[in-house]
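What's in input16.cif: mmCIF, C-alpha atoms
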data_structure
#
loop_
_atom_site.label_atom_id
_atom_site.label_comp_id
_atom_site.auth_asym_id
_atom_site.auth_seq_id
_atom_site.Cartn_x
_atom_site.Cartn_y
_atom_site.Cartn_z
CA MET A 1048 -14.75 -7.45 -75.28
CA THR A 1049 -16.75 -5.50 -77.87
CA SER A 1050 -16.61 -6.49 -81.49
CA TYR A 1051 -14.33 -3.65 -82.55
CA GLU A 1052 -11.48 -4.51 -80.17
CA VAL A 1053 -8.21 -5.67 -81.72
CA GLN A 1054 -6.14 -8.51 -80.29
CA GLN A 1055 -4.05 -6.70 -77.69
CA ASP A 1056 -0.59 -7.90 -78.75
CA ARG A 1057 -1.18 -6.45 -82.21
CA VAL A 1058 -2.10 -2.95 -81.07
CA ILE A 1059 0.46 -0.21 -81.78
CA TRP A 1060 -1.61 2.83 -80.86
CA ASP A 1061 -5.05 3.29 -79.32
CA GLU A 1062 -6.57 6.69 -78.77
CA VAL A 1063 -9.98 8.26 -78.29
CA ILE A 1064 -10.43 11.44 -80.41
CA PRO A 1065 -12.96 13.83 -78.85
CA GLY A 1066 -15.74 15.35 -80.92
CA GLY A 1067 -14.65 18.58 -82.63
CA SER A 1068 -10.95 17.66 -82.61
CA TYR A 1069 -8.44 16.94 -85.36
CA TRP A 1070 -5.88 14.16 -85.42
CA SER A 1071 -3.07 12.90 -87.62
CA ARG A 1072 -0.66 10.02 -87.64
CA VAL A 1073 1.60 8.23 -90.09
CA ILE A 1074 0.22 4.73 -90.69
CA ARG A 1075 3.07 2.48 -91.82
CA ARG A 1076 2.75 0.02 -94.73
CA GLY A 1077 1.47 -3.29 -93.39
CA THR A 1078 -0.35 -1.77 -90.45
CA THR A 1079 -4.04 -0.90 -90.25
CA LEU A 1080 -5.94 2.11 -88.95
CA ARG A 1081 -9.27 1.13 -87.40
CA LEU A 1082 -11.65 4.04 -86.93
CA VAL A 1083 -14.50 3.28 -84.54
CA ASP A 1084 -17.65 5.39 -84.45
CA LEU A 1085 -18.15 5.02 -80.68
CA GLU A 1086 -21.53 6.66 -80.31
CA GLY A 1087 -22.99 6.69 -83.83
CA GLY A 1088 -21.96 10.22 -84.79
CA ARG A 1089 -22.31 12.58 -87.69
CA GLY A 1090 -19.29 11.57 -89.73
CA VAL A 1091 -15.51 12.00 -89.81
CA SER A 1092 -13.78 14.13 -92.47
CA PHE A 1093 -10.55 12.58 -93.73
CA LEU A 1094 -7.53 13.33 -95.94
CA CYS A 1095 -4.46 11.19 -96.64
CA TYR A 1096 -1.06 11.58 -98.28
CA ASN A 1097 2.01 9.51 -99.11
CA ALA A 1098 3.94 10.23 -95.90
CA ASP A 1099 7.28 9.83 -97.69
CA ASN A 1100 6.32 12.29 -100.46
CA PRO A 1101 3.14 14.24 -99.59
CA ILE A 1102 2.76 15.73 -103.08
CA GLU A 1103 1.21 12.32 -103.77
CA ARG A 1104 -2.24 12.38 -102.20
CA TYR A 1105 -5.73 10.87 -102.10
CA ASN A 1106 -7.68 11.50 -105.29
CA ALA A 1107 -11.45 11.30 -104.89
CA ALA A 1108 -12.17 11.38 -108.63
CA ASP A 1109 -9.71 8.60 -109.46
CA THR A 1110 -10.98 6.52 -106.52
CA GLY A 1111 -14.55 6.82 -107.80
CA LYS A 1112 -13.98 6.33 -111.52
CA ILE A 1113 -11.44 3.51 -111.25
CA GLN A 1114 -13.90 1.54 -109.07
CA PHE A 1115 -17.04 2.79 -110.88
CA ASN A 1116 -18.69 3.83 -107.61
CA ILE A 1117 -18.84 6.87 -105.34
CA PHE A 1118 -19.51 4.71 -102.26
CA LEU A 1119 -16.64 2.98 -100.51
CA THR A 1120 -16.80 -0.26 -98.57
CA ARG A 1121 -14.94 -3.49 -97.79
CA GLY A 1122 -12.79 -4.75 -100.64
CA MET A 1123 -12.32 -1.31 -102.20
CA VAL A 1124 -9.27 0.94 -102.01
CA LEU A 1125 -8.32 4.62 -101.75
CA TYR A 1126 -6.26 5.63 -104.78
CA SER A 1127 -3.64 8.34 -104.85
CA ASP A 1128 -3.26 10.72 -107.79
CA MET A 1129 -0.26 8.63 -108.90
CA GLY A 1130 -2.14 5.41 -109.69
CA ARG A 1131 -1.17 3.80 -106.42
CA VAL A 1132 -3.10 2.49 -103.43
CA LEU A 1133 -2.87 4.48 -100.19
CA PHE A 1134 -5.29 2.43 -98.12
CA SER A 1135 -7.27 -0.78 -98.64
CA ILE A 1136 -10.60 -1.18 -96.88
CA THR A 1137 -10.14 -4.63 -95.36
CA ASP A 1138 -13.19 -4.44 -93.12
CA ASP A 1139 -16.21 -2.17 -92.77
CA THR A 1140 -19.24 -2.66 -90.55
CA CYS A 1141 -20.88 0.66 -91.51
CA GLY A 1142 -21.11 0.33 -95.29
CA TYR A 1143 -21.42 4.02 -96.14
CA HIS A 1144 -18.61 6.48 -96.64
CA ASP A 1145 -18.98 9.64 -98.69
CA THR A 1146 -16.46 10.67 -101.35
CA ILE A 1147 -18.11 13.75 -102.88
CA ALA A 1148 -19.60 16.21 -100.36
CA GLY A 1149 -16.36 17.69 -99.01
CA CYS A 1150 -15.84 19.35 -95.65
CA SER A 1151 -17.63 21.83 -93.42
CA ASN A 1152 -16.17 25.31 -93.07
CA ALA A 1153 -16.68 28.39 -90.90
CA THR A 1154 -19.50 29.67 -93.10
CA THR A 1155 -21.45 26.41 -93.32
CA VAL A 1156 -21.28 25.73 -89.56
CA ALA A 1157 -22.29 29.31 -88.74
CA SER A 1158 -25.49 28.85 -90.76
CA ARG A 1159 -26.25 25.31 -89.59
CA TYR A 1160 -25.60 25.79 -85.88
CA PRO A 1161 -26.57 29.38 -85.16
CA GLY A 1162 -25.51 30.97 -81.93
CA VAL A 1163 -22.83 28.48 -80.94
CA GLU A 1164 -19.10 28.54 -81.58
CA VAL A 1165 -18.12 25.16 -83.03
CA LYS A 1166 -15.21 23.55 -84.82
CA ASN A 1167 -15.33 22.96 -88.58
CA ALA A 1168 -13.44 20.50 -90.75
CA ARG A 1169 -11.66 22.95 -93.03
CA ASP A 1170 -10.12 25.01 -90.25
CA ASN A 1171 -9.22 21.80 -88.42
CA PHE A 1172 -7.52 20.52 -91.57
CA LEU A 1173 -5.59 23.79 -91.97
CA ASN A 1174 -4.22 23.69 -88.41
CA CYS A 1175 -3.41 20.01 -88.59
CA LEU A 1176 -1.71 20.28 -92.00
CA ALA A 1177 0.33 23.30 -90.86
CA LYS A 1178 2.06 20.98 -88.39
CA HIS A 1179 3.18 18.85 -91.33
CA ASN A 1180 4.34 21.86 -93.34
CA LEU A 1181 1.28 21.56 -95.57
CA GLY A 1182 -1.36 24.20 -96.20
CA LYS A 1183 -4.38 25.44 -98.10
CA ARG A 1184 -3.09 24.26 -101.47
CA ASP A 1185 -2.79 20.74 -100.08
CA ILE A 1186 -6.47 20.33 -99.23
CA MET A 1187 -8.09 18.28 -101.95
CA PRO A 1188 -11.62 16.85 -101.98
CA ASN A 1189 -11.84 14.75 -98.81
CA LEU A 1190 -13.65 11.64 -97.62
CA ASN A 1191 -16.34 11.51 -94.95
CA PHE A 1192 -16.53 8.22 -93.10
CA PHE A 1193 -19.77 6.91 -91.57
CA SER A 1194 -21.88 9.05 -93.94
CA ARG A 1195 -24.25 8.16 -96.75
CA VAL A 1196 -24.76 10.75 -99.48
CA GLN A 1197 -27.32 9.68 -102.03
CA VAL A 1198 -27.43 11.05 -105.58
CA ALA A 1199 -30.82 11.23 -107.34
CA PRO A 1200 -31.11 10.55 -111.11
CA GLU A 1201 -31.18 14.28 -111.86
CA GLY A 1202 -28.16 14.88 -109.64
CA GLY A 1203 -29.75 15.95 -106.35
CA LEU A 1204 -27.64 15.33 -103.24
CA THR A 1205 -29.04 14.09 -99.93
CA LEU A 1206 -27.40 13.05 -96.67
CA VAL A 1207 -29.30 9.93 -95.60
CA ALA A 1208 -29.99 9.84 -91.86
CA GLY A 1209 -29.67 6.79 -89.66
CA VAL A 1210 -26.53 5.27 -91.15
CA ALA A 1211 -24.25 5.66 -88.14
CA ARG A 1212 -24.43 3.07 -85.38
CA PRO A 1213 -22.48 2.94 -82.13
CA GLY A 1214 -19.52 0.63 -82.49
CA SER A 1215 -19.35 0.47 -86.26
CA TYR A 1216 -15.84 0.64 -87.67
CA ILE A 1217 -13.75 0.74 -90.83
CA ASP A 1218 -10.31 -0.84 -91.26
CA LEU A 1219 -7.85 1.02 -93.48
CA ARG A 1220 -4.76 -1.04 -94.26
CA ALA A 1221 -1.84 1.14 -95.33
CA GLU A 1222 -0.29 -0.02 -98.61
CA MET A 1223 2.43 2.63 -98.39
CA ASN A 1224 3.47 4.85 -95.47
CA VAL A 1225 0.40 7.08 -95.25
CA LEU A 1226 -0.11 10.37 -93.45
CA ALA A 1227 -3.72 10.20 -92.21
CA VAL A 1228 -5.38 13.50 -91.25
CA LEU A 1229 -8.88 13.68 -89.83
CA SER A 1230 -11.34 16.17 -88.44
CA ASN A 1231 -13.88 14.66 -86.08
CA THR A 1232 -16.61 17.13 -86.99
CA PRO A 1233 -20.10 16.60 -88.44
CA HIS A 1234 -20.68 16.03 -92.14
CA PRO A 1235 -21.06 19.22 -94.24
CA LEU A 1236 -24.64 18.24 -95.13
CA ASP A 1237 -25.58 17.56 -91.47
CA PRO A 1238 -28.93 19.35 -91.10
CA GLY A 1239 -28.31 20.70 -87.59
CA PRO A 1240 -29.38 22.62 -85.60
CA GLU A 1241 -27.82 20.56 -82.79
CA TYR A 1242 -24.02 20.34 -83.18
CA ARG A 1243 -23.39 16.74 -82.28
CA ALA A 1244 -19.68 15.92 -82.43
CA THR A 1245 -19.05 12.62 -80.67
CA PRO A 1246 -15.84 10.75 -79.82
CA ILE A 1247 -14.27 8.23 -82.17
CA ARG A 1248 -11.51 5.76 -81.46
CA ALA A 1249 -8.39 5.28 -83.57
CA ILE A 1250 -6.67 1.92 -83.19
CA VAL A 1251 -3.50 1.27 -85.20
CA TRP A 1252 -2.59 -2.40 -85.36
CA ARG A 1253 -0.08 -4.72 -86.95
CA SER A 1254 -1.85 -6.48 -89.78
CA ALA A 1255 0.26 -7.70 -92.69
CA ALA A 1256 1.09 -6.65 -96.21
CA ALA A 1257 -1.49 -7.66 -98.81
CA SER A 1258 -0.99 -11.30 -99.81
CA THR A 1259 -1.14 -12.45 -103.43
CA ASP A 1260 -4.73 -13.67 -102.90
CA ASP A 1261 -5.79 -10.64 -100.85
CA LEU A 1262 -9.43 -9.58 -101.16
CA CYS A 1263 -8.64 -5.98 -102.10
CA ARG A 1264 -5.74 -6.82 -104.42
CA THR A 1265 -7.69 -9.40 -106.43
CA ARG A 1266 -11.06 -7.64 -106.57
CA CYS A 1267 -10.63 -6.53 -110.19
CA PRO A 1268 -7.90 -6.04 -112.80
CA GLU A 1269 -7.71 -2.33 -111.94
CA ALA A 1270 -6.94 -3.16 -108.29
CA GLU A 1271 -4.25 -5.63 -109.33
CA ARG A 1272 -2.58 -2.92 -111.41
CA GLY A 1273 -2.92 -0.40 -108.58
CA PHE A 1274 -1.15 -2.80 -106.24
CA GLN A 1275 1.54 -3.49 -108.85
CA ASN A 1276 2.21 0.25 -109.09
CA THR A 1277 2.30 0.50 -105.28
CA ASP A 1278 4.53 -2.52 -104.66
CA ALA A 1279 7.00 -1.05 -107.16
CA LEU A 1280 7.69 1.77 -104.68
CA PHE A 1281 9.01 -0.73 -102.15
CA LEU A 1282 11.19 -2.99 -104.30
CA ALA A 1283 14.58 -3.35 -102.65
CA MET B 88 -30.01 31.05 -124.92
CA VAL B 89 -26.62 32.24 -125.98
CA THR B 90 -25.43 35.74 -125.30
CA THR B 91 -25.05 37.95 -128.35
CA PRO B 92 -21.89 40.01 -128.11
CA THR B 93 -22.46 43.73 -128.37
CA THR B 94 -18.78 44.38 -128.99
CA GLU B 95 -15.89 42.47 -130.45
CA PRO B 96 -14.49 39.56 -128.40
CA VAL B 97 -11.25 40.24 -126.53
CA TYR B 98 -10.12 36.71 -127.40
CA ASP B 99 -11.37 34.21 -129.96
CA GLU B 100 -9.38 31.09 -130.89
CA VAL B 101 -9.86 27.45 -131.75
CA LEU B 102 -8.01 25.15 -129.34
CA PRO B 103 -6.90 22.06 -131.26
CA ALA B 104 -7.71 18.57 -130.02
CA ARG B 105 -5.54 17.28 -127.13
CA LYS B 106 -4.07 20.70 -126.26
CA PRO B 107 -3.72 22.73 -123.03
CA TRP B 108 -4.86 26.32 -122.50
CA ALA B 109 -4.74 28.92 -119.73
CA HIS B 110 -5.93 32.52 -119.75
CA VAL B 111 -6.98 35.23 -117.32
CA VAL B 112 -10.64 36.20 -117.59
CA LYS B 113 -11.30 39.52 -115.92
CA ALA B 114 -14.25 40.19 -113.61
CA GLY B 115 -17.36 40.78 -115.71
CA GLN B 116 -15.98 39.15 -118.85
CA THR B 117 -17.65 36.01 -120.21
CA LEU B 118 -15.85 32.89 -121.39
CA ARG B 119 -17.70 30.96 -124.08
CA ILE B 120 -16.73 27.35 -124.78
CA VAL B 121 -18.06 25.71 -127.93
CA ASP B 122 -17.90 21.93 -128.41
CA LEU B 123 -17.32 22.14 -132.15
CA GLY B 124 -17.38 18.45 -132.97
CA GLY B 125 -19.69 17.23 -130.18
CA ASN B 126 -19.04 14.98 -127.16
CA GLN B 127 -15.62 16.49 -126.46
CA ALA B 128 -14.70 16.49 -122.76
CA VAL B 129 -13.28 19.87 -121.73
CA ASP B 130 -11.44 19.53 -118.41
CA PHE B 131 -11.70 22.85 -116.63
CA LEU B 132 -10.12 24.43 -113.52
CA VAL B 133 -10.43 28.01 -112.29
CA TYR B 134 -8.49 30.08 -109.73
CA ASN B 135 -8.59 33.53 -108.20
CA ALA B 136 -6.09 35.22 -110.52
CA HIS B 137 -4.59 37.25 -107.66
CA ASP B 138 -4.29 34.39 -105.14
CA THR B 139 -4.29 31.00 -106.82
CA ALA B 140 -4.48 29.21 -103.45
CA GLU B 141 -8.14 30.16 -103.76
CA ARG B 142 -9.51 27.77 -106.38
CA TYR B 143 -12.58 25.97 -107.65
CA SER B 144 -13.92 23.51 -105.10
CA ALA B 145 -16.09 20.77 -106.57
CA ALA B 146 -17.38 19.77 -103.15
CA ASP B 147 -18.32 23.29 -102.05
CA THR B 148 -19.98 23.92 -105.41
CA ILE B 149 -22.14 20.79 -105.41
CA THR B 150 -23.08 20.83 -101.72
CA ALA B 151 -24.08 24.51 -101.90
CA GLN B 152 -26.44 23.89 -104.84
CA GLY B 153 -27.48 20.42 -103.65
CA ASN B 154 -26.76 18.87 -107.04
CA ILE B 155 -23.75 17.20 -108.63
CA PHE B 156 -24.28 18.68 -112.10
CA VAL B 157 -23.09 22.03 -113.40
CA THR B 158 -25.58 23.87 -115.58
CA THR B 159 -27.15 27.30 -116.13
CA GLY B 160 -27.19 29.20 -112.84
CA THR B 161 -24.45 27.18 -111.16
CA LYS B 162 -22.03 29.33 -109.20
CA LEU B 163 -18.55 27.82 -109.31
CA LEU B 164 -17.52 28.26 -105.69
CA SER B 165 -13.97 28.48 -104.40
CA ASN B 166 -12.49 26.76 -101.37
CA GLU B 167 -13.19 30.08 -99.61
CA GLY B 168 -16.89 29.79 -100.47
CA ARG B 169 -16.83 32.68 -102.96
CA ALA B 170 -18.20 32.63 -106.50
CA LEU B 171 -15.40 32.47 -109.07
CA MET B 172 -17.68 32.21 -112.11
CA THR B 173 -21.38 31.80 -112.85
CA VAL B 174 -22.77 29.66 -115.65
CA LEU B 175 -24.89 32.05 -117.74
CA SER B 176 -26.05 29.62 -120.39
CA ASP B 177 -25.71 25.97 -121.27
CA THR B 178 -27.20 24.20 -124.28
CA VAL B 179 -26.44 20.69 -122.93
CA GLY B 180 -28.11 20.71 -119.51
CA ARG B 181 -25.55 19.01 -117.32
CA HIS B 182 -21.81 18.72 -116.93
CA ASP B 183 -19.69 16.45 -114.75
CA THR B 184 -18.09 17.41 -111.42
CA LEU B 185 -16.97 13.97 -110.20
CA GLY B 186 -14.90 12.26 -112.89
CA GLY B 187 -11.81 14.40 -112.52
CA ALA B 188 -8.96 14.46 -115.02
CA CYS B 189 -7.28 11.54 -116.71
CA SER B 190 -3.62 11.09 -115.92
CA CYS B 191 -0.84 8.82 -117.16
CA GLU B 192 -0.87 7.13 -113.77
CA SER B 193 -4.61 6.56 -113.49
CA ASN B 194 -4.69 5.42 -117.13
CA SER B 195 -2.17 2.73 -116.17
CA VAL B 196 -4.60 1.45 -113.52
CA ARG B 197 -7.80 1.83 -115.53
CA PHE B 198 -6.71 0.59 -118.93
CA GLY B 199 -3.40 -1.25 -118.61
CA LEU B 200 0.12 -0.58 -117.38
CA ASP B 201 1.28 0.07 -120.97
CA LYS B 202 -1.19 2.99 -121.25
CA LYS B 203 0.86 5.21 -118.96
CA TRP B 204 2.73 6.56 -121.96
CA GLN B 205 -0.39 8.08 -123.52
CA HIS B 206 -1.10 11.81 -123.35
CA ALA B 207 -3.49 12.82 -120.55
CA CYS B 208 -5.27 15.81 -119.03
CA VAL B 209 -2.97 16.10 -116.03
CA GLU B 210 -0.08 16.59 -118.47
CA ASN B 211 -2.06 19.39 -120.13
CA PHE B 212 -3.00 21.04 -116.82
CA LEU B 213 0.63 21.02 -115.71
CA ALA B 214 1.77 22.47 -119.03
CA ALA B 215 -0.89 25.19 -118.75
CA LEU B 216 -0.17 26.11 -115.12
CA ILE B 217 3.62 25.82 -114.84
CA PRO B 218 4.10 29.16 -116.69
CA TYR B 219 2.06 30.75 -113.89
CA GLY B 220 4.38 29.34 -111.23
CA MET B 221 1.87 26.68 -110.30
CA GLY B 222 2.16 22.90 -110.16
CA LYS B 223 0.76 19.61 -108.99
CA ARG B 224 -0.43 21.01 -105.65
CA ASP B 225 -2.83 23.18 -107.64
CA LEU B 226 -4.64 20.30 -109.30
CA VAL B 227 -7.96 19.52 -107.65
CA SER B 228 -11.13 17.82 -108.87
CA ASN B 229 -12.10 19.65 -112.06
CA ILE B 230 -15.26 20.20 -114.08
CA ASN B 231 -15.66 18.17 -117.26
CA PHE B 232 -17.80 20.19 -119.62
CA PHE B 233 -19.63 18.17 -122.26
CA MET B 234 -18.89 14.90 -120.41
CA ASN B 235 -21.70 12.60 -119.27
CA VAL B 236 -21.20 10.88 -115.90
CA PRO B 237 -24.46 9.68 -114.38
CA VAL B 238 -24.56 8.36 -110.80
CA SER B 239 -27.07 5.65 -109.83
CA GLY B 240 -28.82 5.14 -106.52
CA ASP B 241 -26.38 2.39 -105.60
CA GLY B 242 -23.49 4.80 -106.17
CA THR B 243 -22.47 3.44 -109.57
CA LEU B 244 -20.58 6.08 -111.54
CA GLU B 245 -19.53 5.63 -115.12
CA ILE B 246 -18.31 7.78 -117.98
CA VAL B 247 -20.84 6.93 -120.69
CA ASP B 248 -21.77 8.08 -124.20
CA GLY B 249 -22.03 11.83 -124.42
CA ILE B 250 -25.13 14.00 -124.77
CA SER B 251 -23.40 17.03 -126.29
CA ASP B 252 -24.26 17.80 -129.91
CA PRO B 253 -21.79 19.53 -132.25
CA GLY B 254 -21.97 23.25 -131.54
CA SER B 255 -22.98 22.89 -127.88
CA VAL B 256 -22.16 26.03 -125.90
CA VAL B 257 -21.41 26.92 -122.28
CA GLU B 258 -20.96 30.52 -121.17
CA LEU B 259 -19.37 31.50 -117.85
CA ARG B 260 -19.14 34.99 -116.40
CA ALA B 261 -16.13 35.76 -114.23
CA GLU B 262 -17.23 37.09 -110.82
CA MET B 263 -13.68 38.13 -109.99
CA ASP B 264 -10.46 38.17 -112.00
CA VAL B 265 -9.86 34.47 -112.59
CA LEU B 266 -7.25 32.24 -114.16
CA VAL B 267 -8.88 29.48 -116.21
CA ALA B 268 -6.98 26.32 -117.16
CA ILE B 269 -8.35 23.90 -119.74
CA SER B 270 -7.28 20.53 -121.06
CA ASN B 271 -8.95 19.57 -124.32
CA CYS B 272 -9.11 15.95 -123.26
CA PRO B 273 -6.98 13.47 -125.28
CA GLN B 274 -8.48 10.28 -123.75
CA MET B 275 -8.93 7.45 -126.29
CA ASN B 276 -9.83 4.53 -124.00
CA ASN B 277 -13.44 5.40 -123.09
CA PRO B 278 -16.40 7.27 -124.65
CA CYS B 279 -15.68 10.65 -123.00
CA ASN B 280 -14.57 12.09 -126.36
CA GLY B 281 -16.50 9.68 -128.56
CA TYR B 282 -13.10 8.01 -129.19
CA ASN B 283 -12.23 10.99 -131.36
CA PRO B 284 -10.77 14.10 -129.64
CA THR B 285 -11.82 17.26 -131.51
CA PRO B 286 -11.11 21.02 -131.35
CA ILE B 287 -13.07 23.49 -129.23
CA ARG B 288 -13.60 27.21 -129.65
CA LEU B 289 -12.78 29.58 -126.78
CA THR B 290 -14.08 33.14 -126.83
CA ILE B 291 -13.79 35.83 -124.18
CA LEU B 292 -16.46 38.53 -124.40
CA PRO B 293 -16.02 41.91 -122.75
CA GLY B 294 -18.02 42.80 -119.62
#

I need this file expressed as structure tokens, please.
Amino acid sequence: MTSYEVQQDRVIWDEVIPGGSYWSRVIRRGTTLRLVDLEGGRGVSFLCYNADNPIERYNAADTGKIQFNIFLTRGMVLYSDMGRVLFSITDDTCGYHDTIAGCSNATTVASRYPGVEVKNARDNFLNCLAKHNLGKRDIMPNLNFFSRVQVAPEGGLTLVAGVARPGSYIDLRAEMNVLAVLSNTPHPLDPGPEYRATPIRAIVWRSAAASTDDLCRTRCPEAERGFQNTDALFLA
Amino acid sequence: MVTTPTTEPVYDEVLPARKPWAHVVKAGQTLRIVDLGGNQAVDFLVYNAHDTAERYSAADTITAQGNIFVTTGTKLLSNEGRALMTVLSDTVGRHDTLGGACSCESNSVRFGLDKKWQHACVENFLAALIPYGMGKRDLVSNINFFMNVPVSGDGTLEIVDGISDPGSVVELRAEMDVLVAISNCPQMNNPCNGYNPTPIRLTILPG
């Protein structure tokens, strides 16, 4: 049993997502989405929404400024634009997830991978969102898992190579019912020229709602207030 | 360097502190924003005036230029990868693309649950865009002119004391007909407005 396996009687869904593909699923409150980078790939572009009311969605700027960091890792959370927590990061063996560089599109992949027809994140998002009655206006700045984007003092952006490792994973515990949408395509700053889109694994498992002494809930006063706002949605 | 108008402006008004604004700027026209009092965050969004589903994309803009800061020469790219506006001049040197807009809801998380009743930029953006038939779906990560948000090597991001002197100017040329929405930021809980929101001057110069 490899280190990213989940205890079998807790597993709700387990699926390998081929490189280049898109995927979506509603992750219910109290369950966890584990994304496994099976081969040490070039990143996974990701969007998420309140599944019960998708006008509420992930907000990259709020997530960064509330937590005073553009990097995400264990103990941190993904905030919606309504001051609530969509996902908590309850485990993370990679350590680097990008919140600022956005997604690849037809133009960027045509210049990075000349001569080959390849999938890009934006068009994948559009097709995937169409199946949820969402569209272009619903694509906000996205996350890229398993990617490290460094910012220099004068603002320069660099994708740092060598971050991804086979078998690294991130656990995203849903704090509300969350529509997760992903494009398994290389990071927009991937230098090319080889288009290397490798499989990832999505495991959804029964975890538990965040306890009163939960790592993510108690990390800072901001997190405690974010959880208070979120719990208020589910009061009977 | 600041452009000297050769003809009369087509628009020239002072936007009071804390207020919203939206206006179409036609292709070739230049929008000038003046930070009259200094260190006043100006939250800024821009759309293709003829198809507002095409809008400013912070991520496309910063990845294309390889830098998180907006300054002279920056092309504000849309989600379709096209230039909406180009920054012609900038007396400050750098403007924020990551901090986004304050909202009642995020204020409640950042500063205290009782702060959700305070005025916020999202309220201004909605007020500015609703007359154009737009709404919350149209709010994406915005530019904050005159706001100072450095990022450290370890990823630390913080809204810190401003670097914009009174009279600082940014000029943006419209590369297509665009709809610009502005919130003259009312935030009082951090240094983004020097704890004192002040008016700005907005001028549209003919092409």

Report as CSV the residues of chain B within 9 Å of chain A, each with its shortest atom pair and distance in Å (one decimal), using only C-alpha atoms, ordered by chain and increasing residue number.
residue,atom,partner,partner_atom,distance
B:Thr139,CA,A:Arg1184,CA,8.7
B:Ala140,CA,A:Arg1184,CA,5.5
B:Glu141,CA,A:Arg1184,CA,8.1
B:Arg142,CA,A:Arg1184,CA,8.8
B:Ser144,CA,A:Pro1188,CA,7.7
B:Ala145,CA,A:Pro1188,CA,7.5
B:Ala146,CA,A:Gly1149,CA,4.7
B:Asp147,CA,A:Gly1149,CA,6.7
B:Ile149,CA,A:Ala1148,CA,7.3
B:Thr150,CA,A:Ala1148,CA,5.9
B:Gln152,CA,A:Gly1203,CA,8.7
B:Gly153,CA,A:Leu1204,CA,5.1
B:Asn154,CA,A:Gly1203,CA,4.2
B:Ile155,CA,A:Gly1202,CA,5.1
B:Phe156,CA,A:Gly1202,CA,6.0
B:Asn166,CA,A:Lys1183,CA,8.8
B:Glu167,CA,A:Asn1152,CA,8.6
B:Gly168,CA,A:Thr1154,CA,7.8
B:Thr184,CA,A:Ala1108,CA,8.9
B:Leu185,CA,A:Ala1108,CA,5.7
B:Gly186,CA,A:Ala1108,CA,5.1
B:Gly187,CA,A:Ala1108,CA,4.9
B:Ala188,CA,A:Ala1108,CA,7.8
B:Cys189,CA,A:Asp1109,CA,8.2
B:Ser190,CA,A:Asp1128,CA,8.1
B:Cys191,CA,A:Met1129,CA,8.3
B:Glu192,CA,A:Gly1130,CA,4.6
B:Ser193,CA,A:Gly1130,CA,4.7
B:Asn194,CA,A:Gly1130,CA,7.9
B:Ser195,CA,A:Gly1130,CA,7.0
B:Val196,CA,A:Glu1269,CA,5.1
B:Arg197,CA,A:Glu1269,CA,5.5
B:Phe198,CA,A:Glu1269,CA,7.6
B:Gly199,CA,A:Arg1272,CA,7.4
B:Leu200,CA,A:Arg1272,CA,7.0
B:Lys223,CA,A:Ile1102,CA,7.3
B:Arg224,CA,A:Arg1184,CA,5.9
B:Asp225,CA,A:Arg1184,CA,6.3
B:Leu226,CA,A:Met1187,CA,8.4
B:Val227,CA,A:Met1187,CA,5.8
B:Ser228,CA,A:Ala1108,CA,6.5
B:Asn229,CA,A:Ala1108,CA,9.0
B:Pro237,CA,A:Pro1200,CA,7.5
B:Val238,CA,A:Val1198,CA,6.5
B:Ser239,CA,A:Pro1200,CA,6.5
B:Gly240,CA,A:Val1198,CA,6.1
B:Asp241,CA,A:Phe1118,CA,8.0
B:Gly242,CA,A:Asn1116,CA,5.1
B:Thr243,CA,A:Asn1116,CA,4.3
B:Leu244,CA,A:Phe1115,CA,4.9
B:Glu245,CA,A:Phe1115,CA,5.7
B:Ile246,CA,A:Lys1112,CA,7.9

Protein and nucleic acid residues near (-8.0, 31.0, -115.2) (cut-off 9 Å, all atoms listed in the file) as a VMD selection string: chain B and resid 109 to 112 132 to 136 264 to 269

Include C-alpha atoms and write out the residues we just selected as a PDB file, keeping the file's coordinate frame.
ATOM      1  CA  ALA B 109      -4.740  28.920-119.730  1.00  0.00           C
ATOM      2  CA  HIS B 110      -5.930  32.520-119.750  1.00  0.00           C
ATOM      3  CA  VAL B 111      -6.980  35.230-117.320  1.00  0.00           C
ATOM      4  CA  VAL B 112     -10.640  36.200-117.590  1.00  0.00           C
ATOM      5  CA  LEU B 132     -10.120  24.430-113.520  1.00  0.00           C
ATOM      6  CA  VAL B 133     -10.430  28.010-112.290  1.00  0.00           C
ATOM      7  CA  TYR B 134      -8.490  30.080-109.730  1.00  0.00           C
ATOM      8  CA  ASN B 135      -8.590  33.530-108.200  1.00  0.00           C
ATOM      9  CA  ALA B 136      -6.090  35.220-110.520  1.00  0.00           C
ATOM     10  CA  ASP B 264     -10.460  38.170-112.000  1.00  0.00           C
ATOM     11  CA  VAL B 265      -9.860  34.470-112.590  1.00  0.00           C
ATOM     12  CA  LEU B 266      -7.250  32.240-114.160  1.00  0.00           C
ATOM     13  CA  VAL B 267      -8.880  29.480-116.210  1.00  0.00           C
ATOM     14  CA  ALA B 268      -6.980  26.320-117.160  1.00  0.00           C
ATOM     15  CA  ILE B 269      -8.350  23.900-119.740  1.00  0.00           C
TER      16      ILE B 269
END

List the residues matched by the PyMOL selection byres ((chain B and resi 252-256) around 6) in the displayed structure as an mmCIF file with C-alpha atoms, in the coordinates of the input, ordered by chain and then by residue number.
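That gives us selection-v1.cif:
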data_model
loop_
_atom_site.group_PDB
_atom_site.id
_atom_site.type_symbol
_atom_site.label_atom_id
_atom_site.label_comp_id
_atom_site.auth_asym_id
_atom_site.auth_seq_id
_atom_site.Cartn_x
_atom_site.Cartn_y
_atom_site.Cartn_z
ATOM 1 C CA ILE B 120 -16.730 27.350 -124.780
ATOM 2 C CA VAL B 121 -18.060 25.710 -127.930
ATOM 3 C CA ASP B 122 -17.900 21.930 -128.410
ATOM 4 C CA LEU B 123 -17.320 22.140 -132.150
ATOM 5 C CA GLY B 124 -17.380 18.450 -132.970
ATOM 6 C CA GLY B 125 -19.690 17.230 -130.180
ATOM 7 C CA ASP B 177 -25.710 25.970 -121.270
ATOM 8 C CA THR B 178 -27.200 24.200 -124.280
ATOM 9 C CA SER B 251 -23.400 17.030 -126.290
ATOM 10 C CA VAL B 257 -21.410 26.920 -122.280
#
